[in-house]
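model_29.cif, holding mmCIF, C-alpha atoms:
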```
data_protein
loop_
_atom_site.group_PDB
_atom_site.id
_atom_site.type_symbol
_atom_site.label_atom_id
_atom_site.label_comp_id
_atom_site.auth_asym_id
_atom_site.auth_seq_id
_atom_site.Cartn_x
_atom_site.Cartn_y
_atom_site.Cartn_z
ATOM 1 C CA MET A 1 -7.621 -0.442 15.275
ATOM 2 C CA LYS A 2 -4.775 -2.181 13.480
ATOM 3 C CA LEU A 3 -5.507 -5.407 11.586
ATOM 4 C CA VAL A 4 -2.828 -7.793 10.369
ATOM 5 C CA SER A 5 -2.426 -10.893 8.263
ATOM 6 C CA PHE A 6 0.308 -13.143 9.601
ATOM 7 C CA LEU A 7 2.000 -16.513 9.438
ATOM 8 C CA HIS A 8 2.558 -18.416 12.692
ATOM 9 C CA GLN A 9 3.485 -22.078 13.035
ATOM 10 C CA GLU A 10 2.899 -22.546 9.294
ATOM 11 C CA ARG A 11 -0.681 -21.232 9.503
ATOM 12 C CA ARG A 12 -1.980 -18.066 7.864
ATOM 13 C CA ARG A 13 -4.319 -16.073 10.079
ATOM 14 C CA ILE A 14 -5.608 -12.585 10.717
ATOM 15 C CA GLY A 15 -5.363 -10.638 13.928
ATOM 16 C CA ARG A 16 -5.782 -7.383 15.759
ATOM 17 C CA LEU A 17 -2.675 -5.644 17.046
ATOM 18 C CA PHE A 18 -2.446 -4.657 20.710
ATOM 19 C CA ASP A 19 0.908 -2.922 21.225
ATOM 20 C CA ASP A 20 3.499 -5.685 20.632
ATOM 21 C CA GLN A 21 0.981 -8.544 20.778
ATOM 22 C CA VAL A 22 -1.339 -9.963 18.120
ATOM 23 C CA LEU A 23 -4.820 -11.143 19.064
ATOM 24 C CA ASP A 24 -5.439 -14.240 16.931
ATOM 25 C CA LEU A 25 -8.960 -13.685 15.610
ATOM 26 C CA SER A 26 -9.352 -17.340 14.679
ATOM 27 C CA VAL A 27 -9.308 -18.002 18.445
ATOM 28 C CA ALA A 28 -10.988 -14.845 19.750
ATOM 29 C CA CYS A 29 -13.744 -14.707 17.078
ATOM 30 C CA PRO A 30 -13.920 -18.238 15.591
ATOM 31 C CA GLY A 31 -17.084 -17.559 13.597
ATOM 32 C CA LEU A 32 -15.543 -14.816 11.466
ATOM 33 C CA PRO A 33 -13.785 -15.141 8.076
ATOM 34 C CA THR A 34 -10.132 -16.111 8.361
ATOM 35 C CA ASP A 35 -8.808 -13.627 5.771
ATOM 36 C CA LEU A 36 -8.937 -9.844 5.863
ATOM 37 C CA ARG A 37 -10.665 -9.437 2.517
ATOM 38 C CA GLY A 38 -13.397 -11.783 3.706
ATOM 39 C CA LEU A 39 -13.657 -9.952 7.013
ATOM 40 C CA LEU A 40 -14.197 -6.622 5.263
ATOM 41 C CA ALA A 41 -16.805 -8.179 2.959
ATOM 42 C CA ALA A 42 -18.655 -9.557 5.997
ATOM 43 C CA GLY A 43 -19.636 -5.992 6.876
ATOM 44 C CA ASP A 44 -20.189 -3.841 9.925
ATOM 45 C CA ASP A 45 -21.375 -6.607 12.273
ATOM 46 C CA ALA A 46 -18.189 -8.582 11.706
ATOM 47 C CA MET A 47 -16.021 -5.521 12.268
ATOM 48 C CA ALA A 48 -17.975 -4.748 15.445
ATOM 49 C CA GLN A 49 -17.096 -8.205 16.776
ATOM 50 C CA VAL A 50 -13.427 -7.540 16.121
ATOM 51 C CA ARG A 51 -13.615 -4.184 17.899
ATOM 52 C CA ALA A 52 -15.287 -5.821 20.893
ATOM 53 C CA ALA A 53 -12.772 -8.689 21.114
ATOM 54 C CA GLU A 54 -10.794 -8.692 24.355
ATOM 55 C CA PRO A 55 -7.032 -9.350 24.392
ATOM 56 C CA VAL A 56 -7.343 -12.639 26.286
ATOM 57 C CA ALA A 57 -4.104 -14.413 27.128
ATOM 58 C CA HIS A 58 -4.783 -17.697 25.333
ATOM 59 C CA ALA A 59 -5.354 -15.877 22.010
ATOM 60 C CA MET A 60 -2.324 -13.574 22.155
ATOM 61 C CA ILE A 61 0.896 -14.099 20.167
ATOM 62 C CA PRO A 62 3.991 -11.873 20.464
ATOM 63 C CA LEU A 63 4.411 -9.745 17.360
ATOM 64 C CA ALA A 64 8.056 -10.795 17.236
ATOM 65 C CA ALA A 65 6.975 -14.440 16.855
ATOM 66 C CA VAL A 66 4.937 -13.958 13.669
ATOM 67 C CA ARG A 67 5.777 -13.173 10.069
ATOM 68 C CA LEU A 68 3.703 -10.235 8.880
ATOM 69 C CA LEU A 69 2.106 -10.742 5.474
ATOM 70 C CA ALA A 70 0.452 -8.241 3.156
ATOM 71 C CA PRO A 71 -2.712 -7.332 5.099
ATOM 72 C CA VAL A 72 -4.807 -7.965 1.963
ATOM 73 C CA PRO A 73 -2.717 -10.481 -0.001
ATOM 74 C CA ASP A 74 -5.376 -11.123 -2.665
ATOM 75 C CA PRO A 75 -7.165 -7.907 -3.666
ATOM 76 C CA SER A 76 -9.402 -8.113 -6.716
ATOM 77 C CA LYS A 77 -7.850 -4.833 -7.919
ATOM 78 C CA TYR A 78 -4.692 -2.856 -7.234
ATOM 79 C CA LEU A 79 -5.148 0.550 -8.883
ATOM 80 C CA ALA A 80 -2.579 3.344 -8.813
ATOM 81 C CA ILE A 81 -2.650 6.972 -9.856
ATOM 82 C CA GLY A 82 0.351 8.493 -11.607
ATOM 83 C CA MET A 83 1.767 12.007 -11.431
ATOM 84 C CA ASN A 84 -0.388 13.028 -8.471
ATOM 85 C CA TYR A 85 2.033 15.122 -6.391
ATOM 86 C CA ARG A 86 2.844 18.646 -7.476
ATOM 87 C CA ASP A 87 6.551 18.366 -6.685
ATOM 88 C CA HIS A 88 6.842 14.995 -8.466
ATOM 89 C CA ILE A 89 5.213 16.543 -11.539
ATOM 90 C CA GLU A 90 7.869 19.260 -11.476
ATOM 91 C CA GLU A 91 10.786 16.795 -11.260
ATOM 92 C CA SER A 92 9.243 14.621 -13.995
ATOM 93 C CA ALA A 93 8.885 17.612 -16.300
ATOM 94 C CA ARG A 94 12.696 17.673 -16.589
ATOM 95 C CA LYS A 95 12.410 14.341 -18.395
ATOM 96 C CA GLY A 96 9.747 15.649 -20.771
ATOM 97 C CA ILE A 97 6.765 14.124 -18.980
ATOM 98 C CA LYS A 98 3.793 16.463 -19.327
ATOM 99 C CA THR A 99 1.556 17.655 -16.511
ATOM 100 C CA PRO A 100 -1.592 15.483 -16.610
ATOM 101 C CA GLU A 101 -4.855 17.177 -17.507
ATOM 102 C CA THR A 102 -6.900 14.551 -15.673
ATOM 103 C CA GLN A 103 -6.371 11.649 -13.286
ATOM 104 C CA ILE A 104 -3.952 9.118 -14.827
ATOM 105 C CA TRP A 105 -4.572 5.539 -13.685
ATOM 106 C CA PHE A 106 -2.850 2.196 -14.222
ATOM 107 C CA ASN A 107 -3.029 -1.308 -12.755
ATOM 108 C CA LYS A 108 -0.451 -2.957 -10.610
ATOM 109 C CA GLN A 109 -1.193 -6.601 -11.249
ATOM 110 C CA VAL A 110 -2.198 -8.238 -7.974
ATOM 111 C CA SER A 111 0.554 -10.852 -8.304
ATOM 112 C CA CYS A 112 3.043 -8.119 -7.334
ATOM 113 C CA VAL A 113 1.646 -7.825 -3.783
ATOM 114 C CA CYS A 114 4.004 -8.916 -1.013
ATOM 115 C CA GLY A 115 4.564 -8.380 2.684
ATOM 116 C CA PRO A 116 5.928 -5.364 4.547
ATOM 117 C CA LEU A 117 9.311 -6.943 5.293
ATOM 118 C CA ASP A 118 9.673 -9.206 2.259
ATOM 119 C CA PRO A 119 12.651 -8.944 -0.094
ATOM 120 C CA VAL A 120 12.092 -7.163 -3.401
ATOM 121 C CA HIS A 121 13.547 -8.565 -6.596
ATOM 122 C CA LYS A 122 15.889 -6.608 -8.835
ATOM 123 C CA PRO A 123 14.800 -7.838 -12.268
ATOM 124 C CA ALA A 124 17.291 -9.718 -14.390
ATOM 125 C CA ILE A 125 16.270 -7.632 -17.407
ATOM 126 C CA SER A 126 16.794 -4.149 -15.958
ATOM 127 C CA ASP A 127 19.086 -1.956 -13.864
ATOM 128 C CA LEU A 128 16.463 0.804 -13.521
ATOM 129 C CA LEU A 129 14.664 -0.313 -10.345
ATOM 130 C CA ASP A 130 13.003 2.634 -8.598
ATOM 131 C CA TYR A 131 10.945 3.217 -5.437
ATOM 132 C CA GLU A 132 7.808 5.287 -4.766
ATOM 133 C CA ILE A 133 6.344 5.703 -1.293
ATOM 134 C CA GLU A 134 2.543 5.948 -1.429
ATOM 135 C CA LEU A 135 -0.458 6.133 0.864
ATOM 136 C CA CYS A 136 -2.551 3.034 0.151
ATOM 137 C CA VAL A 137 -6.331 3.167 0.549
ATOM 138 C CA VAL A 138 -8.191 -0.071 1.295
ATOM 139 C CA ILE A 139 -11.826 -0.170 0.191
ATOM 140 C CA GLY A 140 -14.246 -1.455 2.829
ATOM 141 C CA ARG A 141 -17.512 -2.013 0.988
ATOM 142 C CA THR A 142 -18.846 -2.646 -2.490
ATOM 143 C CA CYS A 143 -19.448 0.754 -4.064
ATOM 144 C CA ARG A 144 -20.260 2.503 -7.324
ATOM 145 C CA HIS A 145 -21.016 6.169 -8.175
ATOM 146 C CA VAL A 146 -19.733 7.487 -4.852
ATOM 147 C CA SER A 147 -19.750 11.259 -4.430
ATOM 148 C CA GLU A 148 -16.688 13.127 -3.184
ATOM 149 C CA ALA A 149 -18.664 14.041 -0.060
ATOM 150 C CA ASP A 150 -19.313 10.373 0.751
ATOM 151 C CA ALA A 151 -16.046 8.905 -0.519
ATOM 152 C CA LEU A 152 -14.322 8.387 2.822
ATOM 153 C CA SER A 153 -17.311 6.375 4.062
ATOM 154 C CA VAL A 154 -16.326 3.466 1.791
ATOM 155 C CA VAL A 155 -12.734 3.359 3.073
ATOM 156 C CA ALA A 156 -11.905 0.524 5.465
ATOM 157 C CA GLY A 157 -8.500 1.935 6.287
ATOM 158 C CA TYR A 158 -5.019 2.859 5.160
ATOM 159 C CA MET A 159 -1.600 1.265 4.743
ATOM 160 C CA VAL A 160 1.883 2.149 3.564
ATOM 161 C CA ALA A 161 2.725 1.101 -0.001
ATOM 162 C CA ASN A 162 5.904 1.183 -2.047
ATOM 163 C CA ASP A 163 5.191 1.254 -5.767
ATOM 164 C CA PHE A 164 8.436 -0.283 -6.999
ATOM 165 C CA SER A 165 8.866 0.552 -10.680
ATOM 166 C CA VAL A 166 11.100 -0.761 -13.452
ATOM 167 C CA ARG A 167 11.562 2.442 -15.391
ATOM 168 C CA ASP A 168 12.784 1.228 -18.778
ATOM 169 C CA VAL A 169 9.943 -1.298 -18.989
ATOM 170 C CA GLN A 170 7.474 1.353 -17.806
ATOM 171 C CA TRP A 171 8.587 3.960 -20.333
ATOM 172 C CA ALA A 172 8.696 1.518 -23.258
ATOM 173 C CA SER A 173 4.913 1.190 -23.295
ATOM 174 C CA PRO A 174 2.037 3.675 -23.619
ATOM 175 C CA THR A 175 0.633 2.096 -20.429
ATOM 176 C CA TRP A 176 2.643 1.725 -17.240
ATOM 177 C CA THR A 177 1.203 -1.586 -16.031
ATOM 178 C CA LEU A 178 4.085 -3.871 -17.036
ATOM 179 C CA GLY A 179 6.769 -1.702 -15.474
ATOM 180 C CA LYS A 180 4.777 -1.560 -12.252
ATOM 181 C CA SER A 181 3.817 -5.219 -11.897
ATOM 182 C CA PHE A 182 6.942 -7.327 -11.461
ATOM 183 C CA ASP A 183 6.666 -10.004 -8.772
ATOM 184 C CA THR A 184 7.379 -8.572 -5.267
ATOM 185 C CA HIS A 185 7.063 -4.967 -6.503
ATOM 186 C CA GLY A 186 3.973 -4.257 -4.426
ATOM 187 C CA PRO A 187 4.870 -4.446 -0.724
ATOM 188 C CA VAL A 188 2.081 -3.110 1.501
ATOM 189 C CA GLY A 189 1.356 -2.980 5.216
ATOM 190 C CA PRO A 190 2.563 -3.437 7.817
ATOM 191 C CA TRP A 191 -1.057 -3.486 8.948
ATOM 192 C CA LEU A 192 -4.375 -1.981 7.966
ATOM 193 C CA VAL A 193 -5.095 1.043 10.168
ATOM 194 C CA THR A 194 -8.861 1.514 10.244
ATOM 195 C CA ALA A 195 -10.243 4.755 8.888
ATOM 196 C CA ASP A 196 -11.474 6.021 12.257
ATOM 197 C CA GLU A 197 -7.835 6.398 13.339
ATOM 198 C CA VAL A 198 -6.979 8.592 10.327
ATOM 199 C CA PRO A 199 -9.185 11.693 10.569
ATOM 200 C CA ASP A 200 -7.564 13.381 7.560
ATOM 201 C CA PRO A 201 -5.732 11.295 4.938
ATOM 202 C CA GLN A 202 -4.530 14.557 3.361
ATOM 203 C CA ALA A 203 -2.445 15.494 6.403
ATOM 204 C CA LEU A 204 0.078 12.667 6.806
ATOM 205 C CA ARG A 205 3.850 12.966 6.699
ATOM 206 C CA MET A 206 5.595 10.361 4.556
ATOM 207 C CA ARG A 207 9.302 9.504 4.222
ATOM 208 C CA LEU A 208 11.341 7.028 2.233
ATOM 209 C CA LEU A 209 14.931 6.127 3.042
ATOM 210 C CA VAL A 210 17.483 4.068 1.098
ATOM 211 C CA ASN A 211 20.195 2.623 3.358
ATOM 212 C CA GLY A 212 19.268 5.232 5.958
ATOM 213 C CA GLU A 213 19.468 8.198 3.531
ATOM 214 C CA VAL A 214 16.262 10.197 3.184
ATOM 215 C CA ARG A 215 15.177 10.293 -0.455
ATOM 216 C CA GLN A 216 11.509 11.326 -0.139
ATOM 217 C CA ASP A 217 10.039 13.521 2.612
ATOM 218 C CA ALA A 218 6.655 15.124 2.034
ATOM 219 C CA SER A 219 3.018 15.336 3.084
ATOM 220 C CA THR A 220 -0.093 13.836 1.542
ATOM 221 C CA ALA A 221 -1.345 17.442 1.465
ATOM 222 C CA LEU A 222 0.627 17.809 -1.794
ATOM 223 C CA MET A 223 -1.684 15.498 -3.734
ATOM 224 C CA LEU A 224 -3.137 17.051 -6.870
ATOM 225 C CA TYR A 225 -6.236 14.846 -6.527
ATOM 226 C CA GLY A 226 -7.094 13.854 -2.965
ATOM 227 C CA VAL A 227 -8.456 10.521 -1.759
ATOM 228 C CA ARG A 228 -12.058 11.734 -2.056
ATOM 229 C CA GLN A 229 -11.572 12.797 -5.672
ATOM 230 C CA GLN A 230 -9.829 9.563 -6.577
ATOM 231 C CA ILE A 231 -12.613 7.353 -5.219
ATOM 232 C CA ALA A 232 -15.325 9.472 -6.838
ATOM 233 C CA HIS A 233 -13.521 9.304 -10.184
ATOM 234 C CA LEU A 234 -12.895 5.553 -10.103
ATOM 235 C CA THR A 235 -16.433 4.654 -9.051
ATOM 236 C CA ARG A 236 -17.878 6.538 -12.014
ATOM 237 C CA ILE A 237 -16.171 3.871 -14.108
ATOM 238 C CA MET A 238 -16.105 0.632 -12.119
ATOM 239 C CA THR A 239 -17.380 -1.108 -9.013
ATOM 240 C CA LEU A 240 -14.889 -1.254 -6.172
ATOM 241 C CA TYR A 241 -14.998 -4.203 -3.786
ATOM 242 C CA PRO A 242 -13.909 -4.820 -0.186
ATOM 243 C CA GLY A 243 -10.150 -5.232 -0.076
ATOM 244 C CA ASP A 244 -9.431 -3.376 -3.312
ATOM 245 C CA LEU A 245 -6.250 -1.300 -3.062
ATOM 246 C CA ILE A 246 -5.670 2.247 -4.312
ATOM 247 C CA ALA A 247 -2.143 3.686 -4.372
ATOM 248 C CA THR A 248 -2.521 7.451 -4.263
ATOM 249 C CA GLY A 249 0.697 8.753 -5.840
ATOM 250 C CA THR A 250 4.237 9.600 -4.791
ATOM 251 C CA PRO A 251 6.089 12.857 -4.039
ATOM 252 C CA MET A 252 9.402 14.025 -5.468
ATOM 253 C CA GLY A 253 12.676 12.281 -4.747
ATOM 254 C CA VAL A 254 12.333 9.111 -6.821
ATOM 255 C CA ALA A 255 15.586 7.678 -8.174
ATOM 256 C CA ALA A 256 14.727 8.635 -11.758
ATOM 257 C CA GLY A 257 14.270 12.278 -10.729
ATOM 258 C CA LEU A 258 17.636 12.705 -9.045
ATOM 259 C CA GLN A 259 20.588 14.335 -10.830
ATOM 260 C CA PRO A 260 22.124 11.955 -11.733
ATOM 261 C CA PRO A 261 19.551 9.165 -11.256
ATOM 262 C CA ARG A 262 20.315 6.779 -8.379
ATOM 263 C CA TYR A 263 18.557 3.502 -9.025
ATOM 264 C CA LEU A 264 18.393 0.656 -6.541
ATOM 265 C CA ALA A 265 21.026 -2.064 -6.386
ATOM 266 C CA VAL A 266 21.149 -5.505 -4.829
ATOM 267 C CA GLY A 267 21.692 -5.149 -1.082
ATOM 268 C CA ASP A 268 19.928 -1.797 -0.744
ATOM 269 C CA VAL A 269 17.386 -1.552 2.084
ATOM 270 C CA VAL A 270 14.354 0.619 1.350
ATOM 271 C CA ARG A 271 12.276 1.881 4.269
ATOM 272 C CA ALA A 272 8.942 3.605 3.599
ATOM 273 C CA GLU A 273 7.081 5.153 6.524
ATOM 274 C CA ILE A 274 3.885 7.160 6.929
ATOM 275 C CA GLU A 275 2.830 8.976 10.075
ATOM 276 C CA GLY A 276 0.545 6.801 12.191
ATOM 277 C CA LEU A 277 0.573 3.885 9.735
ATOM 278 C CA GLY A 278 3.920 2.206 10.413
ATOM 279 C CA HIS A 279 6.635 1.309 7.932
ATOM 280 C CA LEU A 280 7.777 -1.129 5.278
ATOM 281 C CA GLU A 281 11.386 -2.269 5.083
ATOM 282 C CA ASN A 282 12.415 -4.244 2.010
ATOM 283 C CA ARG A 283 15.860 -5.449 0.971
ATOM 284 C CA VAL A 284 16.650 -5.632 -2.732
ATOM 285 C CA ILE A 285 17.846 -9.060 -3.881
ATOM 286 C CA ASP A 286 18.573 -10.599 -7.250
ATOM 287 C CA GLU A 287 15.539 -12.008 -8.994
ATOM 288 C CA PRO A 288 15.561 -15.791 -8.521
ATOM 289 C CA ARG A 289 16.409 -17.577 -11.748
#
```

Could you render the structure from this file as structure tokens?
Amino acid sequence: MKLVSFLHQERRRIGRLFDDQVLDLSVACPGLPTDLRGLLAAGDDAMAQVRAAEPVAHAMIPLAAVRLLAPVPDPSKYLAIGMNYRDHIEESARKGIKTPETQIWFNKQVSCVCGPLDPVHKPAISDLLDYEIELCVVIGRTCRHVSEADALSVVAGYMVANDFSVRDVQWASPTWTLGKSFDTHGPVGPWLVTADEVPDPQALRMRLLVNGEVRQDASTALMLYGVRQQIAHLTRIMTLYPGDLIATGTPMGVAAGLQPPRYLAVGDVVRAEIEGLGHLENRVIDEPR
């Protein structure tokens, strides 16, 4: 099942995707929450109603007629793990970045979240704008102290994420949060694919292209710490809530790792795609003054 947040006729709504049509859940299931985070928090009964909803004609909207938004536009947390792909660790070592001895986590501030087709700002203060394709995990239930064995049971589903990064700001601080949190630098989507449609999150092909040129091409199998380990680690420390986002790391091929580096410029179009999850496509524009 694919769930979307969308804008249609100036109204924000959530829906279920049926091929190239969106079932407007505010019409098909009027008693349910009208935002995806609220729907996830409402639990299994609410999700069962969505699964049972029929694609009736009066509740269907052509996908081409809506603007897709970030599926969860207002997560309480957006957590991201750094240096989590073996090949990315190798390319980063050339810049003197050490192999991590444990999971390395940082926040992307939630104000960076934007839609799957939204423009991304090139900051006025930097020319070192980089991309990072990532598998994004969406938490489905409130959880703490989750074992690795049970970790996938708290996952609502998966999305594509692009962890845009401003490298000079990132490297100037002992924490990476500022360089990862510029407005528009967290596009996610295009929809939430529920966990039952992704039997193994460690077996997905992922690619990122800049202006049609492949820059990253890898598999989630290359993660140093898999999704289960990440959730178990995080929930030893904090409570995760429905709609929380976890970006699971990026493979080699980032702009900073190329010889010479090839950072993004205004006008570049960045497409990030993951097998079975869809794609993001974001054009780089100047940051509005």

Would you translate the PyMOL selection byres ((chain A and resi 11) around 12) into the concrete set of residues it matches in this file, as an mmCIF file with C-alpha atoms, keeping the file's coordinate frame?
```cif
data_model
loop_
_atom_site.group_PDB
_atom_site.id
_atom_site.type_symbol
_atom_site.label_atom_id
_atom_site.label_comp_id
_atom_site.auth_asym_id
_atom_site.auth_seq_id
_atom_site.Cartn_x
_atom_site.Cartn_y
_atom_site.Cartn_z
ATOM 1 C CA SER A 5 -2.426 -10.893 8.263
ATOM 2 C CA PHE A 6 0.308 -13.143 9.601
ATOM 3 C CA LEU A 7 2.000 -16.513 9.438
ATOM 4 C CA HIS A 8 2.558 -18.416 12.692
ATOM 5 C CA GLN A 9 3.485 -22.078 13.035
ATOM 6 C CA GLU A 10 2.899 -22.546 9.294
ATOM 7 C CA ARG A 12 -1.980 -18.066 7.864
ATOM 8 C CA ARG A 13 -4.319 -16.073 10.079
ATOM 9 C CA ILE A 14 -5.608 -12.585 10.717
ATOM 10 C CA ASP A 24 -5.439 -14.240 16.931
ATOM 11 C CA SER A 26 -9.352 -17.340 14.679
ATOM 12 C CA THR A 34 -10.132 -16.111 8.361
ATOM 13 C CA ASP A 35 -8.808 -13.627 5.771
ATOM 14 C CA VAL A 66 4.937 -13.958 13.669
ATOM 15 C CA ARG A 67 5.777 -13.173 10.069
ATOM 16 C CA LEU A 68 3.703 -10.235 8.880
ATOM 17 C CA LEU A 69 2.106 -10.742 5.474
#
```

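Picked out by the PyMOL selection byres ((chain A and resi 253) around 8) when it runs on this file: His88, Arg215, Gln216, Asp217, Pro251, Met252, Val254, Ala255, Gly257 and Leu258 of chain A.
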
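For the pair CA of Pro242 in chain A and CA of Leu3 in chain A, the interatomic distance is 14.5 Å.
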
re CA of Tyr85 in chain A and CA of Asp183 in chain A: distance 25.7 Å

task: Would you list the residues near (15.2, 0.7, -7.4) (no more than 6 Å away, in the coordinates of the file, using all atoms listed in the file) as an MDAnalysis selection string?
output: chainID A and resid 129:131 263:264

Go through the shown structure with the PyMOL selection byres ((chain A and resi 110) around 12) and write out the matching residues as an mmCIF file with C-alpha atoms, keeping the file's coordinate frame.
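Final output, saved to part_30.cif:
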```
data_model
loop_
_atom_site.group_PDB
_atom_site.id
_atom_site.type_symbol
_atom_site.label_atom_id
_atom_site.label_comp_id
_atom_site.auth_asym_id
_atom_site.auth_seq_id
_atom_site.Cartn_x
_atom_site.Cartn_y
_atom_site.Cartn_z
ATOM 1 C CA ALA A 70 0.452 -8.241 3.156
ATOM 2 C CA VAL A 72 -4.807 -7.965 1.963
ATOM 3 C CA PRO A 73 -2.717 -10.481 -0.001
ATOM 4 C CA ASP A 74 -5.376 -11.123 -2.665
ATOM 5 C CA PRO A 75 -7.165 -7.907 -3.666
ATOM 6 C CA SER A 76 -9.402 -8.113 -6.716
ATOM 7 C CA LYS A 77 -7.850 -4.833 -7.919
ATOM 8 C CA TYR A 78 -4.692 -2.856 -7.234
ATOM 9 C CA LEU A 79 -5.148 0.550 -8.883
ATOM 10 C CA ALA A 80 -2.579 3.344 -8.813
ATOM 11 C CA ASN A 107 -3.029 -1.308 -12.755
ATOM 12 C CA LYS A 108 -0.451 -2.957 -10.610
ATOM 13 C CA GLN A 109 -1.193 -6.601 -11.249
ATOM 14 C CA SER A 111 0.554 -10.852 -8.304
ATOM 15 C CA CYS A 112 3.043 -8.119 -7.334
ATOM 16 C CA VAL A 113 1.646 -7.825 -3.783
ATOM 17 C CA CYS A 114 4.004 -8.916 -1.013
ATOM 18 C CA THR A 177 1.203 -1.586 -16.031
ATOM 19 C CA LEU A 178 4.085 -3.871 -17.036
ATOM 20 C CA LYS A 180 4.777 -1.560 -12.252
ATOM 21 C CA SER A 181 3.817 -5.219 -11.897
ATOM 22 C CA PHE A 182 6.942 -7.327 -11.461
ATOM 23 C CA ASP A 183 6.666 -10.004 -8.772
ATOM 24 C CA THR A 184 7.379 -8.572 -5.267
ATOM 25 C CA HIS A 185 7.063 -4.967 -6.503
ATOM 26 C CA GLY A 186 3.973 -4.257 -4.426
ATOM 27 C CA PRO A 187 4.870 -4.446 -0.724
ATOM 28 C CA VAL A 188 2.081 -3.110 1.501
ATOM 29 C CA GLY A 243 -10.150 -5.232 -0.076
ATOM 30 C CA ASP A 244 -9.431 -3.376 -3.312
ATOM 31 C CA LEU A 245 -6.250 -1.300 -3.062
ATOM 32 C CA ILE A 246 -5.670 2.247 -4.312
#
```

Find the spatial neighbours of Met47 in chain A, counting all atoms listed in the file, within a cut-off of 12 Å - ignore same-chain residues fewer than 4 positions away - and output them as a ChimeraX atom specification. /A:1-3,15-16,25,29,32-33,36-43,51-53,140-141,156,194

Let's have the selection written as a PDB file, in the coordinates of the input, with C-alpha atoms.
```
ATOM      1  CA  MET A   1      -7.621  -0.442  15.275  1.00  0.00           C
ATOM      2  CA  LYS A   2      -4.775  -2.181  13.480  1.00  0.00           C
ATOM      3  CA  LEU A   3      -5.507  -5.407  11.586  1.00  0.00           C
ATOM      4  CA  GLY A  15      -5.363 -10.638  13.928  1.00  0.00           C
ATOM      5  CA  ARG A  16      -5.782  -7.383  15.759  1.00  0.00           C
ATOM      6  CA  LEU A  25      -8.960 -13.685  15.610  1.00  0.00           C
ATOM      7  CA  CYS A  29     -13.744 -14.707  17.078  1.00  0.00           C
ATOM      8  CA  LEU A  32     -15.543 -14.816  11.466  1.00  0.00           C
ATOM      9  CA  PRO A  33     -13.785 -15.141   8.076  1.00  0.00           C
ATOM     10  CA  LEU A  36      -8.937  -9.844   5.863  1.00  0.00           C
ATOM     11  CA  ARG A  37     -10.665  -9.437   2.517  1.00  0.00           C
ATOM     12  CA  GLY A  38     -13.397 -11.783   3.706  1.00  0.00           C
ATOM     13  CA  LEU A  39     -13.657  -9.952   7.013  1.00  0.00           C
ATOM     14  CA  LEU A  40     -14.197  -6.622   5.263  1.00  0.00           C
ATOM     15  CA  ALA A  41     -16.805  -8.179   2.959  1.00  0.00           C
ATOM     16  CA  ALA A  42     -18.655  -9.557   5.997  1.00  0.00           C
ATOM     17  CA  GLY A  43     -19.636  -5.992   6.876  1.00  0.00           C
ATOM     18  CA  ARG A  51     -13.615  -4.184  17.899  1.00  0.00           C
ATOM     19  CA  ALA A  52     -15.287  -5.821  20.893  1.00  0.00           C
ATOM     20  CA  ALA A  53     -12.772  -8.689  21.114  1.00  0.00           C
ATOM     21  CA  GLY A 140     -14.246  -1.455   2.829  1.00  0.00           C
ATOM     22  CA  ARG A 141     -17.512  -2.013   0.988  1.00  0.00           C
ATOM     23  CA  ALA A 156     -11.905   0.524   5.465  1.00  0.00           C
ATOM     24  CA  THR A 194      -8.861   1.514  10.244  1.00  0.00           C
TER      25      THR A 194
END
```

Using all atoms listed in the file, the shortest atom-to-atom distance to Pro190 in chain A among A:Thr235, A:Thr220, A:Ser126, A:Asn282 belongs to A:Asn282

What separates CA of Arg271 in chain A and CA of Gln21 in chain A is a distance of 22.6 Å

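With distances restricted to all atoms listed in the file, A:Gly249 is the closest residue to Met223 in chain A from A:Pro116, A:Gly267, A:Gly249, A:Pro62.
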
inquiry  = Taking (7.8, -2.2, -18.2) in the coordinates of the supplied file, I want to know which residues reach to within 7 Å of it, counting all atoms listed in the file; could you give the answer as a PyMOL selection string?
reply    = chain A and resi 166-173+176-180

**Request:** Pick out the residues sitting within 8 Å of Arg144 in chain A, and hand them over as a ChimeraX atom specification; count all atoms listed in the file, and ignore anything fewer than 6 positions along from it in its own chain.
**Result:** /A:235-236,238-240

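When only C-alpha atoms are used to compute distances to Ile139 in chain A, the closest of the residues A:Trp105, A:Ala247, A:Asp45, A:Ser165 turns out to be A:Ala247.
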
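Between Asp286 in chain A and the residues A:His121, A:Met60, A:Asp127, A:Val198, the shortest atom-to-atom distance, using only C-alpha atoms, involves A:His121.
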
Residues within 8 Å of Val284 in chain A, only C-alpha atoms, excluding chain neighbours under 4 positions, as an mmCIF file with C-alpha atoms, in the frame of the given file:
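What ended up in result_18.cif:
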```cif
data_model
loop_
_atom_site.group_PDB
_atom_site.id
_atom_site.type_symbol
_atom_site.label_atom_id
_atom_site.label_comp_id
_atom_site.auth_asym_id
_atom_site.auth_seq_id
_atom_site.Cartn_x
_atom_site.Cartn_y
_atom_site.Cartn_z
ATOM 1 C CA PRO A 119 12.651 -8.944 -0.094
ATOM 2 C CA VAL A 120 12.092 -7.163 -3.401
ATOM 3 C CA HIS A 121 13.547 -8.565 -6.596
ATOM 4 C CA LYS A 122 15.889 -6.608 -8.835
ATOM 5 C CA LEU A 264 18.393 0.656 -6.541
ATOM 6 C CA ALA A 265 21.026 -2.064 -6.386
ATOM 7 C CA VAL A 266 21.149 -5.505 -4.829
ATOM 8 C CA GLY A 267 21.692 -5.149 -1.082
ATOM 9 C CA ASP A 268 19.928 -1.797 -0.744
ATOM 10 C CA VAL A 269 17.386 -1.552 2.084
ATOM 11 C CA VAL A 270 14.354 0.619 1.350
#
```

- Near range 274-280 of chain A, within 7 Å and counting only C-alpha atoms, which residues show up once chain neighbours fewer than 2 positions away are dropped, as a list in words? Pro116, Leu117, Met159, Val160, Gly189, Pro190, Val193, Leu204, Arg205, Met206, Arg207, Arg271, Ala272 and Asn282 of chain A
